[in-house]
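Only one structure is covered here, and it is reproduced in the block below.
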Amino acid sequence: MADLPPVRVQPHRPFAFVGMDYGGPFIVKESRRRGAKTNKAYLALFVCLSVKAVHLEVVSDLSTEAFLAAFDRFTARRGIPVEIRSDCGTNYVGAARQLKSLFNKAKTRDTLMSRIPCQWYFNPPAAPHFGGIWEAAIKSVKTHLRKIIGDQIMTMEELTTLIIRIEGILNSRPLTSVSSDPNDLCALTPGHFLVGQPLMAIPELDLTDVKINRLTRWQLIKQAQQCFWKRWTNEYLQTLQGRQKWLRQDANLNVGDLVVVKSPGRPLMSWQLGRVIEVHPGTDGVVRVVTLKTAEGTLKRPVVQVVKLPVS
């Protein structure tokens, strides 16, 4: 496997080097009134190649003008990037023909490059592995988004609100430990690079088990966000806890390691972090139970319920 590109491992300001992808379509309605006309909406994702921060925009259609409007909103809040990387459109799932015509025409590319004062690189057709970082990000968003929305049809305003709240969840994920200090329970997140501190959510009532017909429209959005949080956090922690059974033995947890504790009942954007203060190996020398120091106190957990944050 080749080395990562230099932009992935060198320090840059957030969103100086950007990967972009599209997702959708999602069905939206013009207003809340009964019988309102429905249209399609799409999701434009911008991911920072340096710090893995995510920016989401809702796009009304697949025209060049709609994309440029979304890009203007992105640059107004994140700054003009130095480089943009994207696919040509042939490998997109859903609306592949329209997306191909958007990015694969020479005239469209010339329009984008003349409008946007930065370098634009297009991956070869049928090569999604060239943009694995943004393909993984758009997959994690749209897969769970479709499941939590279900048959509900939102307005453009409601969908935009939900998408931005999901953006906050993605940017709150822990990436690695801030320091090796055993008393430091903080983890570095994309939010540190965007606002200088971890992103937090306003405390809210748990609406995940409330029936839909008892919720207002805005409570429905909160319920969708809470369901996304539960689904996505479980998937994200599993990706950090990959195991290759019978192929090689994973390294044991050691004293001082910073871990994320699997806690399904945690509030939105609240990750339970802990430091390993004691390990309990079995007769074969394999550590299966650890004692953790957390902000709430000392816990003893099996290693399958904790996830070690990568340190490199």
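Ligands are numbered from 1 in the order shown, residues from 1 within each chain, and chains are lettered A, B, ... in the order they appear in the structure tokens.
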
### Task
Might you pull out every residue within 12 Å of region 201-216 of chain A, with only C-alpha atoms counted and same-chain residues fewer than 6 positions away left off, and present them as a PyMOL selection string?
chain A and resi 32+148-152+158+165-169+171-172+222-231+265-271

### Task
Write out as a ChimeraX atom specification which residues come within 9 Å of Leu237 (chain A) when counting only C-alpha atoms, dropping same-chain ones fewer than 3 positions away.
/A:232-234,240-241,260,262,306-307

Using N, CA and C atoms, can you write the selected residues to a file as a compact mmCIF listing (two decimals), in the first residue's frame?
```txt
# COMPACT_ATOMS: atom_id res chain seq x y z
N TRP A 232 -24.99 5.83 14.46
CA TRP A 232 -23.68 6.17 13.90
C TRP A 232 -22.56 5.92 14.90
N THR A 233 -22.76 6.26 16.19
CA THR A 233 -21.70 6.04 17.17
C THR A 233 -21.36 4.56 17.29
N ASN A 234 -22.38 3.72 17.25
CA ASN A 234 -22.12 2.28 17.32
C ASN A 234 -21.29 1.82 16.14
N LEU A 240 -13.24 1.36 14.67
CA LEU A 240 -11.99 1.51 15.42
C LEU A 240 -11.59 0.23 16.14
N GLN A 241 -12.50 -0.75 16.17
CA GLN A 241 -12.28 -1.96 16.94
C GLN A 241 -12.24 -3.18 16.03
N VAL A 260 -12.35 4.91 24.44
CA VAL A 260 -13.76 5.32 24.44
C VAL A 260 -14.57 4.17 24.98
N LYS A 262 -17.98 2.19 25.41
CA LYS A 262 -19.26 2.05 24.73
C LYS A 262 -20.38 2.27 25.73
N VAL A 306 -14.67 -1.38 25.25
CA VAL A 306 -13.86 -0.17 25.16
C VAL A 306 -13.12 -0.19 23.83
N VAL A 307 -12.82 0.99 23.33
CA VAL A 307 -12.14 1.14 22.05
C VAL A 307 -10.95 2.06 22.25
```

### Message
Write out as a PyMOL selection string the set of residues from region 23-256 of chain A that DSSP, computed on the backbone, places in alpha helix (DSSP H).
### Response
chain A and resi 64-78+96-103+106-115+132-149+156-170+190-195+217-240

### Message
Using only C-alpha atoms, which protein or nucleic acid residues come within 10 Å of Thr189 (chain A)? Drop anything in the same chain fewer than 6 positions from it, and give the result as a PyMOL selection string.
### Response
chain A and resi 51-53+170-178+196-199

Write out, as JSON lines, each residue of region 120-162 of chain A that has an atom at most 10 Å from region 76-85 of chain A, together with the closest pair of atoms and their distance in Å to one decimal, counting only C-alpha atoms, rows going by chain and rising number.
```
{"residue": "A:Trp120", "atom": "CA", "partner": "A:Ile84", "partner_atom": "CA", "distance": 4.8}
{"residue": "A:Tyr121", "atom": "CA", "partner": "A:Arg85", "partner_atom": "CA", "distance": 4.8}
{"residue": "A:Phe122", "atom": "CA", "partner": "A:Arg85", "partner_atom": "CA", "distance": 5.9}
{"residue": "A:Asn123", "atom": "CA", "partner": "A:Arg85", "partner_atom": "CA", "distance": 7.3}
{"residue": "A:Phe130", "atom": "CA", "partner": "A:Arg85", "partner_atom": "CA", "distance": 9.7}
{"residue": "A:Gly131", "atom": "CA", "partner": "A:Arg85", "partner_atom": "CA", "distance": 8.0}
{"residue": "A:Trp134", "atom": "CA", "partner": "A:Arg85", "partner_atom": "CA", "distance": 9.5}
```

### Task
Using only C-alpha atoms, determine which residues lie at most 12 Å from Gly274 (chain A), disregarding the query and same-chain residues fewer than 2 positions distant; provide the list as a PyMOL selection string.
chain A and resi 177+181-187+255-263+271-272+276-278+290-301+305-309

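If you measure from each of A:Arg13, A:Lys40, A:Ile163, A:Ser63 to Leu145 (chain A) using only C-alpha atoms, the closest one turns out to be A:Ile163.
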
### Task
Using DSSP on the backbone, list every residue of region 221-298 of chain A that comes out as strand (DSSP E), and give them as an MDAnalysis selection string.
chainID A and resid 258:261 273:281 287:294 297:298

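When only C-alpha atoms are used to compute distances to Cys48 (chain A), the closest of the residues A:Leu62, A:Leu220, A:Leu4, A:Val18 turns out to be A:Val18.
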
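The space between CA of His55 (chain A) and CA of Met20 (chain A) spans 9.6 Å.
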
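Going from CA of Val7 (chain A) over to CA of Leu68 (chain A), you cover 24.3 Å.
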
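Of the listed residues A:Ala36, A:Leu56, A:Arg146, A:Pro5, the one whose atoms come nearest to Gly24 (chain A) is A:Arg146, with distances taken using only C-alpha atoms.
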
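Within 9 Å of Leu43 (chain A), once only C-alpha atoms are used and residues closer than 6 positions along the same chain are dropped, the contacting residues are Asp21, Tyr22, Gly23, Gly24, Pro25, Phe26, Leu56, Glu57, Val58, Val59, Ser60, Ile138, Lys142 and Ile163 of chain A.
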
For the residues in the current selection, export all heavy atoms as an mmCIF file, in the first residue's frame.
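Below you can see part-v2.cif, which holds the result:
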```
data_model
loop_
_atom_site.group_PDB
_atom_site.id
_atom_site.type_symbol
_atom_site.label_atom_id
_atom_site.label_comp_id
_atom_site.auth_asym_id
_atom_site.auth_seq_id
_atom_site.Cartn_x
_atom_site.Cartn_y
_atom_site.Cartn_z
ATOM 1 N N ASP A 21 -18.111 15.185 -2.310
ATOM 2 C CA ASP A 21 -18.937 14.120 -2.867
ATOM 3 C C ASP A 21 -20.401 14.506 -2.738
ATOM 4 O O ASP A 21 -20.761 15.392 -1.958
ATOM 5 C CB ASP A 21 -18.669 12.792 -2.145
ATOM 6 C CG ASP A 21 -19.090 11.589 -2.977
ATOM 7 O OD1 ASP A 21 -19.588 11.802 -4.099
ATOM 8 O OD2 ASP A 21 -18.907 10.440 -2.523
ATOM 9 N N TYR A 22 -21.230 13.834 -3.518
ATOM 10 C CA TYR A 22 -22.678 14.041 -3.506
ATOM 11 C C TYR A 22 -23.363 12.801 -2.953
ATOM 12 O O TYR A 22 -22.856 11.684 -3.080
ATOM 13 C CB TYR A 22 -23.190 14.291 -4.926
ATOM 14 C CG TYR A 22 -23.457 15.739 -5.257
ATOM 15 C CD1 TYR A 22 -22.407 16.638 -5.439
ATOM 16 C CD2 TYR A 22 -24.747 16.203 -5.408
ATOM 17 C CE1 TYR A 22 -22.644 17.948 -5.777
ATOM 18 C CE2 TYR A 22 -24.994 17.534 -5.743
ATOM 19 C CZ TYR A 22 -23.938 18.394 -5.926
ATOM 20 O OH TYR A 22 -24.184 19.711 -6.250
ATOM 21 N N GLY A 23 -24.534 12.985 -2.339
ATOM 22 C CA GLY A 23 -25.366 11.886 -1.885
ATOM 23 C C GLY A 23 -26.826 12.207 -2.113
ATOM 24 O O GLY A 23 -27.216 13.372 -2.212
ATOM 25 N N GLY A 24 -27.655 11.186 -2.146
ATOM 26 C CA GLY A 24 -29.081 11.389 -2.340
ATOM 27 C C GLY A 24 -29.590 10.577 -3.510
ATOM 28 O O GLY A 24 -28.924 9.649 -3.979
ATOM 29 N N PRO A 25 -30.801 10.870 -3.970
ATOM 30 C CA PRO A 25 -31.636 12.019 -3.581
ATOM 31 C C PRO A 25 -32.478 11.750 -2.336
ATOM 32 O O PRO A 25 -32.713 10.612 -1.966
ATOM 33 C CB PRO A 25 -32.536 12.199 -4.806
ATOM 34 C CG PRO A 25 -32.692 10.809 -5.340
ATOM 35 C CD PRO A 25 -31.385 10.120 -5.085
ATOM 36 N N PHE A 26 -32.951 12.850 -1.715
ATOM 37 C CA PHE A 26 -33.897 12.800 -0.621
ATOM 38 C C PHE A 26 -35.153 13.561 -1.051
ATOM 39 O O PHE A 26 -35.070 14.578 -1.732
ATOM 40 C CB PHE A 26 -33.303 13.430 0.640
ATOM 41 C CG PHE A 26 -32.034 12.766 1.100
ATOM 42 C CD1 PHE A 26 -30.788 13.284 0.741
ATOM 43 C CD2 PHE A 26 -32.076 11.631 1.881
ATOM 44 C CE1 PHE A 26 -29.626 12.680 1.154
ATOM 45 C CE2 PHE A 26 -30.913 11.010 2.301
ATOM 46 C CZ PHE A 26 -29.681 11.534 1.940
ATOM 47 N N LEU A 56 -21.499 19.896 5.565
ATOM 48 C CA LEU A 56 -22.617 19.378 4.790
ATOM 49 C C LEU A 56 -23.488 20.524 4.286
ATOM 50 O O LEU A 56 -23.750 21.471 5.016
ATOM 51 C CB LEU A 56 -23.468 18.420 5.640
ATOM 52 C CG LEU A 56 -22.747 17.202 6.223
ATOM 53 C CD1 LEU A 56 -23.697 16.401 7.095
ATOM 54 C CD2 LEU A 56 -22.165 16.331 5.119
ATOM 55 N N GLU A 57 -23.926 20.411 3.049
ATOM 56 C CA GLU A 57 -24.825 21.381 2.443
ATOM 57 C C GLU A 57 -25.951 20.641 1.723
ATOM 58 O O GLU A 57 -25.727 19.595 1.110
ATOM 59 C CB GLU A 57 -24.095 22.271 1.434
ATOM 60 C CG GLU A 57 -23.136 23.272 2.040
ATOM 61 C CD GLU A 57 -23.829 24.445 2.712
ATOM 62 O OE1 GLU A 57 -25.052 24.615 2.504
ATOM 63 O OE2 GLU A 57 -23.141 25.187 3.428
ATOM 64 N N VAL A 58 -27.155 21.188 1.806
ATOM 65 C CA VAL A 58 -28.296 20.651 1.060
ATOM 66 C C VAL A 58 -28.393 21.384 -0.275
ATOM 67 O O VAL A 58 -28.371 22.618 -0.311
ATOM 68 C CB VAL A 58 -29.600 20.800 1.863
ATOM 69 C CG1 VAL A 58 -30.785 20.276 1.052
ATOM 70 C CG2 VAL A 58 -29.495 20.053 3.185
ATOM 71 N N VAL A 59 -28.499 20.620 -1.363
ATOM 72 C CA VAL A 59 -28.543 21.182 -2.717
ATOM 73 C C VAL A 59 -29.903 20.860 -3.320
ATOM 74 O O VAL A 59 -30.406 19.732 -3.211
ATOM 75 C CB VAL A 59 -27.417 20.601 -3.595
ATOM 76 C CG1 VAL A 59 -27.389 21.275 -4.953
ATOM 77 C CG2 VAL A 59 -26.076 20.771 -2.903
ATOM 78 N N SER A 60 -30.500 21.842 -3.968
ATOM 79 C CA SER A 60 -31.870 21.687 -4.467
ATOM 80 C C SER A 60 -31.959 20.825 -5.714
ATOM 81 O O SER A 60 -32.969 20.163 -5.942
ATOM 82 C CB SER A 60 -32.489 23.059 -4.749
ATOM 83 O OG SER A 60 -31.692 23.767 -5.694
ATOM 84 N N ILE A 138 -19.491 10.151 3.145
ATOM 85 C CA ILE A 138 -20.839 10.257 2.576
ATOM 86 C C ILE A 138 -21.629 8.991 2.836
ATOM 87 O O ILE A 138 -22.853 9.021 3.039
ATOM 88 C CB ILE A 138 -20.764 10.567 1.061
ATOM 89 C CG1 ILE A 138 -22.128 11.052 0.533
ATOM 90 C CG2 ILE A 138 -20.305 9.353 0.269
ATOM 91 C CD1 ILE A 138 -22.556 12.373 1.050
ATOM 92 N N LYS A 142 -25.378 9.182 4.591
ATOM 93 C CA LYS A 142 -26.619 8.894 3.863
ATOM 94 C C LYS A 142 -27.212 7.540 4.245
ATOM 95 O O LYS A 142 -28.448 7.378 4.224
ATOM 96 C CB LYS A 142 -26.379 8.966 2.356
ATOM 97 C CG LYS A 142 -25.491 7.877 1.780
ATOM 98 C CD LYS A 142 -25.307 8.061 0.283
ATOM 99 C CE LYS A 142 -24.476 6.943 -0.326
ATOM 100 N NZ LYS A 142 -24.259 7.141 -1.779
ATOM 101 N N ILE A 163 -29.528 18.069 8.754
ATOM 102 C CA ILE A 163 -28.211 17.829 8.159
ATOM 103 C C ILE A 163 -27.130 18.578 8.935
ATOM 104 O O ILE A 163 -26.044 18.040 9.210
ATOM 105 C CB ILE A 163 -28.215 18.257 6.678
ATOM 106 C CG1 ILE A 163 -29.059 17.298 5.840
ATOM 107 C CG2 ILE A 163 -26.793 18.306 6.136
ATOM 108 C CD1 ILE A 163 -28.577 15.875 5.841
#
```

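With only C-alpha atoms as the basis for measurement, A:Glu157 is the residue among A:Asp72, A:Glu235, A:Glu157, A:Asp61 that approaches Arg217 (chain A) most closely.
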
#### Entry: Residue among A:Met200, A:Ala16, A:Ala136, A:Ile153 lying closest to Asn39 (chain A), counting only C-alpha atoms
A:Ile153
